[in-house]
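To be precise, the following lines are coords_22.cif, and they hold mmCIF, C-alpha atoms and all ligand atoms.
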```
data_model
#
loop_
_atom_site.label_atom_id
_atom_site.label_comp_id
_atom_site.auth_asym_id
_atom_site.auth_seq_id
_atom_site.Cartn_x
_atom_site.Cartn_y
_atom_site.Cartn_z
CA MET H 1 -2.41 6.01 21.98
CA GLY H 2 -1.26 2.68 20.54
CA ASN H 3 1.60 2.03 18.22
CA GLY H 4 4.23 4.37 16.81
CA HIS H 5 6.67 3.82 13.95
CA ILE H 6 3.80 4.02 11.46
CA TYR H 7 4.58 5.91 8.26
CA VAL H 8 2.25 7.06 5.51
CA ALA H 9 3.23 8.56 2.14
CA LEU H 10 1.14 11.46 0.84
CA GLY H 11 1.16 12.53 -2.81
CA SER H 12 -0.81 14.86 -5.05
CA ASN H 13 -0.46 16.06 -8.63
CA GLN H 14 -3.94 17.41 -9.35
CA GLY H 15 -5.73 20.54 -8.15
CA PRO H 16 -4.37 22.51 -5.19
CA ARG H 17 -1.64 19.99 -4.33
CA ALA H 18 -0.33 21.44 -1.05
CA GLU H 19 -3.88 22.02 0.17
CA HIS H 20 -4.76 18.36 -0.49
CA LEU H 21 -1.77 17.25 1.61
CA ARG H 22 -2.39 19.72 4.42
CA SER H 23 -6.08 18.93 4.75
CA ALA H 24 -5.35 15.17 4.62
CA LEU H 25 -3.19 15.58 7.75
CA HIS H 26 -6.09 17.29 9.54
CA GLU H 27 -8.56 14.67 8.38
CA LEU H 28 -6.32 11.88 9.73
CA GLU H 29 -6.64 13.43 13.19
CA GLU H 30 -10.30 14.44 13.12
CA ARG H 31 -11.76 11.31 14.77
CA GLY H 32 -9.24 11.40 17.60
CA ASP H 33 -7.90 7.86 17.04
CA ILE H 34 -4.88 8.83 14.93
CA ARG H 35 -2.22 11.31 15.92
CA VAL H 36 0.17 12.83 13.37
CA LEU H 37 3.49 12.94 15.24
CA ARG H 38 5.42 14.72 12.50
CA CYS H 39 5.46 15.40 8.81
CA SER H 40 8.36 15.86 6.40
CA SER H 41 8.77 18.90 4.18
CA LEU H 42 6.97 18.88 0.82
CA HIS H 43 9.05 17.46 -2.04
CA GLU H 44 8.27 18.37 -5.64
CA THR H 45 9.02 15.38 -7.88
CA ALA H 46 8.59 14.29 -11.49
CA PRO H 47 5.87 11.64 -12.04
CA VAL H 48 7.04 8.02 -12.33
CA GLY H 49 5.18 5.93 -14.93
CA GLY H 50 1.63 6.61 -16.05
CA PRO H 51 0.47 8.71 -19.02
CA ALA H 52 2.73 11.42 -20.48
CA GLY H 53 2.14 15.09 -19.69
CA GLN H 54 1.18 14.70 -16.01
CA ARG H 55 2.01 17.50 -13.60
CA ASP H 56 4.79 17.13 -11.06
CA TYR H 57 3.88 15.71 -7.68
CA LEU H 58 4.09 17.10 -4.20
CA ASN H 59 5.13 14.31 -1.86
CA ALA H 60 5.53 14.04 1.89
CA VAL H 61 5.74 11.37 4.58
CA ALA H 62 4.00 11.56 7.96
CA GLU H 63 4.68 9.57 11.10
CA LEU H 64 1.47 8.45 12.82
CA GLN H 65 0.52 7.01 16.16
CA THR H 66 -2.64 4.92 16.33
CA ALA H 67 -4.17 1.79 17.82
CA LEU H 68 -6.03 1.09 14.55
CA SER H 69 -4.94 -2.14 12.85
CA PRO H 70 -3.07 -1.82 9.51
CA ARG H 71 -6.23 -2.86 7.65
CA ASP H 72 -8.43 -0.35 9.48
CA LEU H 73 -5.83 2.32 8.89
CA LEU H 74 -5.76 1.51 5.15
CA ALA H 75 -9.58 1.78 5.05
CA ARG H 76 -9.32 5.21 6.69
CA LEU H 77 -6.67 6.31 4.17
CA GLN H 78 -8.91 5.25 1.30
CA GLN H 79 -11.92 7.12 2.77
CA ILE H 80 -9.84 10.28 2.91
CA GLU H 81 -8.64 9.76 -0.70
CA GLN H 82 -12.26 9.46 -1.80
CA ARG H 83 -13.26 12.64 -0.02
CA HIS H 84 -10.63 14.38 -2.12
CA GLY H 85 -12.34 13.17 -5.27
CA ARG H 86 -9.79 10.44 -5.96
CA ARG H 87 -10.75 8.42 -9.05
CA ARG H 88 -8.90 5.23 -10.01
CA THR H 89 -8.95 5.22 -13.80
CA VAL H 90 -5.50 4.85 -15.37
CA ARG H 91 -2.70 3.03 -13.56
CA ASN H 92 -0.20 5.57 -12.19
CA GLY H 93 -2.47 8.29 -13.57
CA PRO H 94 -2.89 11.74 -12.03
CA ARG H 95 -4.42 11.91 -8.57
CA THR H 96 -5.72 14.58 -6.22
CA LEU H 97 -4.52 12.55 -3.25
CA ASP H 98 -2.65 9.28 -2.80
CA LEU H 99 -2.15 7.90 0.71
CA ASP H 100 0.00 4.78 0.99
CA LEU H 101 0.80 2.85 4.14
CA LEU H 102 4.59 2.46 4.00
CA LEU H 103 5.48 0.89 7.33
CA TYR H 104 3.54 -0.31 10.34
CA ASP H 105 6.30 -0.77 12.90
CA ASP H 106 8.06 -4.02 11.95
CA GLU H 107 4.92 -5.81 10.78
CA VAL H 108 5.07 -7.78 7.55
CA ILE H 109 1.76 -8.14 5.71
CA ASP H 110 1.51 -9.88 2.37
CA GLU H 111 -2.09 -9.93 1.22
CA PRO H 112 -3.59 -9.14 -2.19
CA ASP H 113 -4.88 -5.71 -1.17
CA LEU H 114 -2.33 -4.82 1.52
CA THR H 115 1.44 -5.22 1.40
CA VAL H 116 3.55 -3.77 4.20
CA PRO H 117 6.33 -2.67 4.06
CA HIS H 118 5.12 -1.04 0.84
CA PRO H 119 6.89 -3.12 -1.83
CA ARG H 120 8.00 -0.27 -4.08
CA MET H 121 9.07 2.22 -1.40
CA TRP H 122 12.75 1.26 -1.10
CA THR H 123 13.66 2.29 -4.65
CA ARG H 124 11.52 5.44 -4.88
CA SER H 125 13.42 8.55 -3.92
CA PHE H 126 10.16 10.53 -3.70
CA VAL H 127 9.29 8.23 -0.78
CA MET H 128 12.70 7.59 0.78
CA GLU H 129 13.84 11.23 0.95
CA PRO H 130 10.85 12.51 2.93
CA LEU H 131 10.82 9.27 4.96
CA ARG H 132 14.42 9.85 6.04
CA GLU H 133 13.43 13.31 7.34
CA VAL H 134 10.99 11.84 9.86
CA CYS H 135 12.47 8.41 10.65
CA GLU H 136 15.43 7.41 12.84
CA PRO H 137 18.08 6.22 10.35
CA GLY H 138 19.24 3.24 12.45
CA TRP H 139 15.73 1.89 12.80
CA LEU H 140 15.01 2.27 9.07
CA ASP H 141 18.27 0.58 8.04
CA GLY H 142 17.57 -2.36 10.37
CA LEU H 143 14.12 -2.76 8.88
CA ALA H 144 15.46 -2.57 5.30
CA ARG H 145 17.93 -5.37 6.09
CA ALA H 146 15.24 -7.51 7.74
CA THR H 147 12.84 -6.96 4.83
CA ARG H 148 15.48 -7.94 2.30
CA ALA H 149 16.44 -11.03 4.30
CA GLY H 150 12.79 -11.98 4.77
CA ARG H 151 12.05 -11.64 1.09
CA LEU H 152 15.12 -13.63 0.07
CA ARG H 153 14.23 -16.36 2.53
CA SER H 154 10.67 -16.68 1.27
CA GLU H 155 11.87 -16.74 -2.36
CA TYR H 156 14.33 -19.49 -1.42
CA PHE H 157 11.62 -21.63 0.19
CA GLN H 158 9.33 -21.07 -2.76
CA LEU H 159 12.07 -22.28 -5.12
CA ARG H 160 12.70 -25.36 -2.97
CA GLN H 161 9.00 -26.20 -3.03
CA GLU H 162 8.87 -25.88 -6.80
CA GLN H 163 11.79 -28.28 -7.27
P1 LIG H 201 -0.58 3.24 -6.13
O1 LIG H 201 -0.57 3.94 -4.81
O2 LIG H 201 0.25 1.96 -6.13
O3 LIG H 201 -0.24 4.12 -7.29
P2 LIG H 201 -3.42 2.98 -5.71
O4 LIG H 201 -3.33 4.11 -4.73
O5 LIG H 201 -4.50 3.06 -6.77
O6 LIG H 201 -2.06 2.74 -6.45
O7 LIG H 201 -3.60 1.65 -4.86
C1 LIG H 201 -3.93 0.44 -5.46
C2 LIG H 201 -4.19 -0.62 -4.39
O8 LIG H 201 -3.00 -0.87 -3.65
C3 LIG H 201 -5.21 -0.29 -3.33
O9 LIG H 201 -6.49 -0.71 -3.71
C4 LIG H 201 -4.71 -1.06 -2.10
O10 LIG H 201 -5.58 -2.10 -1.72
C5 LIG H 201 -3.39 -1.64 -2.55
N1 LIG H 201 -2.34 -1.61 -1.54
C6 LIG H 201 -1.55 -2.68 -1.23
N2 LIG H 201 -0.68 -2.38 -0.29
C7 LIG H 201 -0.89 -1.07 0.04
C8 LIG H 201 -0.27 -0.18 0.96
N3 LIG H 201 0.74 -0.58 1.73
N4 LIG H 201 -0.74 1.09 1.02
C9 LIG H 201 -1.75 1.50 0.21
N5 LIG H 201 -2.37 0.71 -0.69
C10 LIG H 201 -1.95 -0.57 -0.78
MG MG H 202 -1.91 4.46 -3.30
#
```
Final structure tokens representation of the file:
Amino acid sequence: MGNGHIYVALGSNQGPRAEHLRSALHELEERGDIRVLRCSSLHETAPVGGPAGQRDYLNAVAELQTALSPRDLLARLQQIEQRHGRRRTVRNGPRTLDLDLLLYDDEVIDEPDLTVPHPRMWTRSFVMEPLREVCEPGWLDGLARATRAGRLRSEYFQLRQEQ
């Protein structure tokens, strides 16, 4: 059923956190066009940024297989967030369910509403630790190198154009 090496981060710090994550995994599979190949353990982590006094998060990473395009997959993730009563009010504020597309094989997408690989994933241990549980280390390291090289190259060309 389409492509593998697709990774999604799940997070919750409002309401029944584990239940939000567990039901999100079921909802991903309910239309039959996404398969959840595996899911990491649940990691309890302190919130990063946002208003003070937020609860800790439960985070996990799931590996998916699907023929949906990255954009269609993002739309599906956002539908599921909304079903869980997700409201976007404060930046980095508390959320019942956050679903982020981390990696879509080795695709690089740089659009205003969709950036893949997820730009902030590499430095966030609440993403990288569960990701390492479900991802082959060699493949992930290769991708990290390519992403860094790609970003440096595009910054270099941007600088040259500005000169
Ligand atoms: P965050 O997850 O960064 O705390 P949100 O979940 O509110 O914030 O997402 C804000 C916006 O990020 C979304 O409207 C979405 O269009 C955009 N976005 C860009 N790249 C991605 C990605 N790889 N995965 C999920 N959302 C993304
Ligand atoms: Mg998000």
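Shortest separation to H:Arg38 among H:Glu155, H:Glu133, H:Asp56, H:Asp100 occurs at residue H:Glu133, atoms counted being all atoms listed in the file.
The nearest approach to ligand MG 202 (chain H) among the residues H:Asn92, H:Asn3, H:Thr45, H:Thr66, with only C-alpha atoms and all ligand atoms taken into account, belongs to H:Asn92.
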Report as a PDB file with C-alpha atoms, keeping the file's coordinate frame which protein, DNA and RNA residues come within 6 Å of ligand LIG 201 (chain H), using only C-alpha atoms and all ligand atoms.
```
ATOM      1  CA  ARG H  88      -8.900   5.230 -10.010  1.00  0.00           C
ATOM      2  CA  ASN H  92      -0.200   5.570 -12.190  1.00  0.00           C
ATOM      3  CA  ASP H  98      -2.650   9.280  -2.800  1.00  0.00           C
ATOM      4  CA  ASP H 100       0.000   4.780   0.990  1.00  0.00           C
ATOM      5  CA  LEU H 101       0.800   2.850   4.140  1.00  0.00           C
ATOM      6  CA  LEU H 102       4.590   2.460   4.000  1.00  0.00           C
ATOM      7  CA  ASP H 113      -4.880  -5.710  -1.170  1.00  0.00           C
ATOM      8  CA  LEU H 114      -2.330  -4.820   1.520  1.00  0.00           C
ATOM      9  CA  THR H 115       1.440  -5.220   1.400  1.00  0.00           C
ATOM     10  CA  VAL H 116       3.550  -3.770   4.200  1.00  0.00           C
ATOM     11  CA  HIS H 118       5.120  -1.040   0.840  1.00  0.00           C
TER      12      HIS H 118
END
```
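With all atoms listed in the file as the atoms that count, the minimum distance from H:Glu27 to the choices H:Arg76, H:Phe157, H:Val127, H:Leu103 is reached by H:Arg76.
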Counting all atoms listed in the file, name the residues that have an atom within 9 Å of an atom of ligand MG 202 (chain H); the answer should be given as an mmCIF file with C-alpha atoms, keeping the file's coordinate frame.
```cif
data_model
loop_
_atom_site.group_PDB
_atom_site.id
_atom_site.type_symbol
_atom_site.label_atom_id
_atom_site.label_comp_id
_atom_site.auth_asym_id
_atom_site.auth_seq_id
_atom_site.Cartn_x
_atom_site.Cartn_y
_atom_site.Cartn_z
ATOM 1 C CA ALA H 9 3.230 8.560 2.140
ATOM 2 C CA LEU H 10 1.140 11.460 0.840
ATOM 3 C CA GLY H 11 1.160 12.530 -2.810
ATOM 4 C CA GLN H 78 -8.910 5.250 1.300
ATOM 5 C CA GLU H 81 -8.640 9.760 -0.700
ATOM 6 C CA LEU H 97 -4.520 12.550 -3.250
ATOM 7 C CA ASP H 98 -2.650 9.280 -2.800
ATOM 8 C CA LEU H 99 -2.150 7.900 0.710
ATOM 9 C CA ASP H 100 0.000 4.780 0.990
ATOM 10 C CA LEU H 101 0.800 2.850 4.140
#
```
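Near H:Pro117, within 12 Å and counting only C-alpha atoms, sit His5, Ile6, Tyr7, Val8, Ala9, Pro70, Asp100, Leu101, Leu102, Leu103, Tyr104, Asp105, Asp106, Glu107, Val108, Ile109, Asp110, Glu111, Trp122, Leu140, Leu143, Ala144, Ala146, Thr147, Arg148, Gly150 and Arg151 of chain H; same-chain residues fewer than 5 positions away were not included.
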Grab the residues selected above and save them as a PDB file, keeping the file's coordinate frame with C-alpha atoms.
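What landed in out00.pdb:
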```pdb
ATOM      1  CA  HIS H   5       6.670   3.820  13.950  1.00  0.00           C
ATOM      2  CA  ILE H   6       3.800   4.020  11.460  1.00  0.00           C
ATOM      3  CA  TYR H   7       4.580   5.910   8.260  1.00  0.00           C
ATOM      4  CA  VAL H   8       2.250   7.060   5.510  1.00  0.00           C
ATOM      5  CA  ALA H   9       3.230   8.560   2.140  1.00  0.00           C
ATOM      6  CA  PRO H  70      -3.070  -1.820   9.510  1.00  0.00           C
ATOM      7  CA  ASP H 100       0.000   4.780   0.990  1.00  0.00           C
ATOM      8  CA  LEU H 101       0.800   2.850   4.140  1.00  0.00           C
ATOM      9  CA  LEU H 102       4.590   2.460   4.000  1.00  0.00           C
ATOM     10  CA  LEU H 103       5.480   0.890   7.330  1.00  0.00           C
ATOM     11  CA  TYR H 104       3.540  -0.310  10.340  1.00  0.00           C
ATOM     12  CA  ASP H 105       6.300  -0.770  12.900  1.00  0.00           C
ATOM     13  CA  ASP H 106       8.060  -4.020  11.950  1.00  0.00           C
ATOM     14  CA  GLU H 107       4.920  -5.810  10.780  1.00  0.00           C
ATOM     15  CA  VAL H 108       5.070  -7.780   7.550  1.00  0.00           C
ATOM     16  CA  ILE H 109       1.760  -8.140   5.710  1.00  0.00           C
ATOM     17  CA  ASP H 110       1.510  -9.880   2.370  1.00  0.00           C
ATOM     18  CA  GLU H 111      -2.090  -9.930   1.220  1.00  0.00           C
ATOM     19  CA  TRP H 122      12.750   1.260  -1.100  1.00  0.00           C
ATOM     20  CA  LEU H 140      15.010   2.270   9.070  1.00  0.00           C
ATOM     21  CA  LEU H 143      14.120  -2.760   8.880  1.00  0.00           C
ATOM     22  CA  ALA H 144      15.460  -2.570   5.300  1.00  0.00           C
ATOM     23  CA  ALA H 146      15.240  -7.510   7.740  1.00  0.00           C
ATOM     24  CA  THR H 147      12.840  -6.960   4.830  1.00  0.00           C
ATOM     25  CA  ARG H 148      15.480  -7.940   2.300  1.00  0.00           C
ATOM     26  CA  GLY H 150      12.790 -11.980   4.770  1.00  0.00           C
ATOM     27  CA  ARG H 151      12.050 -11.640   1.090  1.00  0.00           C
TER      28      ARG H 151
END
```
Selection near H:Leu131, 8 Å with only C-alpha atoms, sequence-local residues under 3 positions removed, as a PyMOL selection string: chain H and resi 7+40+60-62+127-128+134-135
Spatial neighbours of H:Val36, max dist 7 Å, only C-alpha atoms, sep filter under 3 positions, as an MDAnalysis selection string: chainID H and resid 29 62:65
Residues near H:Gln14, cut-off 6 Å, only C-alpha atoms, skip fewer than 2 positions along chain, as a list of chain:residue names: H:Ser12, H:Arg95, H:Thr96
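Distance check against H:Leu42 using all atoms listed in the file: of H:Pro130, H:Gly85, H:Arg55, H:Arg153, the minimum falls on H:Pro130.
Rounded to one decimal, atom CA of H:Met1 and atom CA of H:Glu136 lie 20.1 Å from each other.
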Gap from atom CA of H:Arg145 to atom CA of H:Arg124 - Å, one decimal: 16.7 Å
For H:Glu44: contacts at 7 Å, only C-alpha atoms, fewer than 3 positions along chain excluded, given as a list in words: Asp56, Tyr57, Leu58 and Asn59 of chain H
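Residue nearest H:Pro112, chosen from H:Gly138, H:Arg17, H:Ala46, H:Arg71 and counting all atoms listed in the file: H:Arg71.
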Between atom CA of H:Trp139 and atom CA of H:Gly4, distance in Å (one decimal): 12.4 Å
Among the residues H:Gly50, H:Ala149, H:Gly2, H:Asn13, the one that comes closest to H:Ile34 [using only C-alpha atoms]: H:Gly2
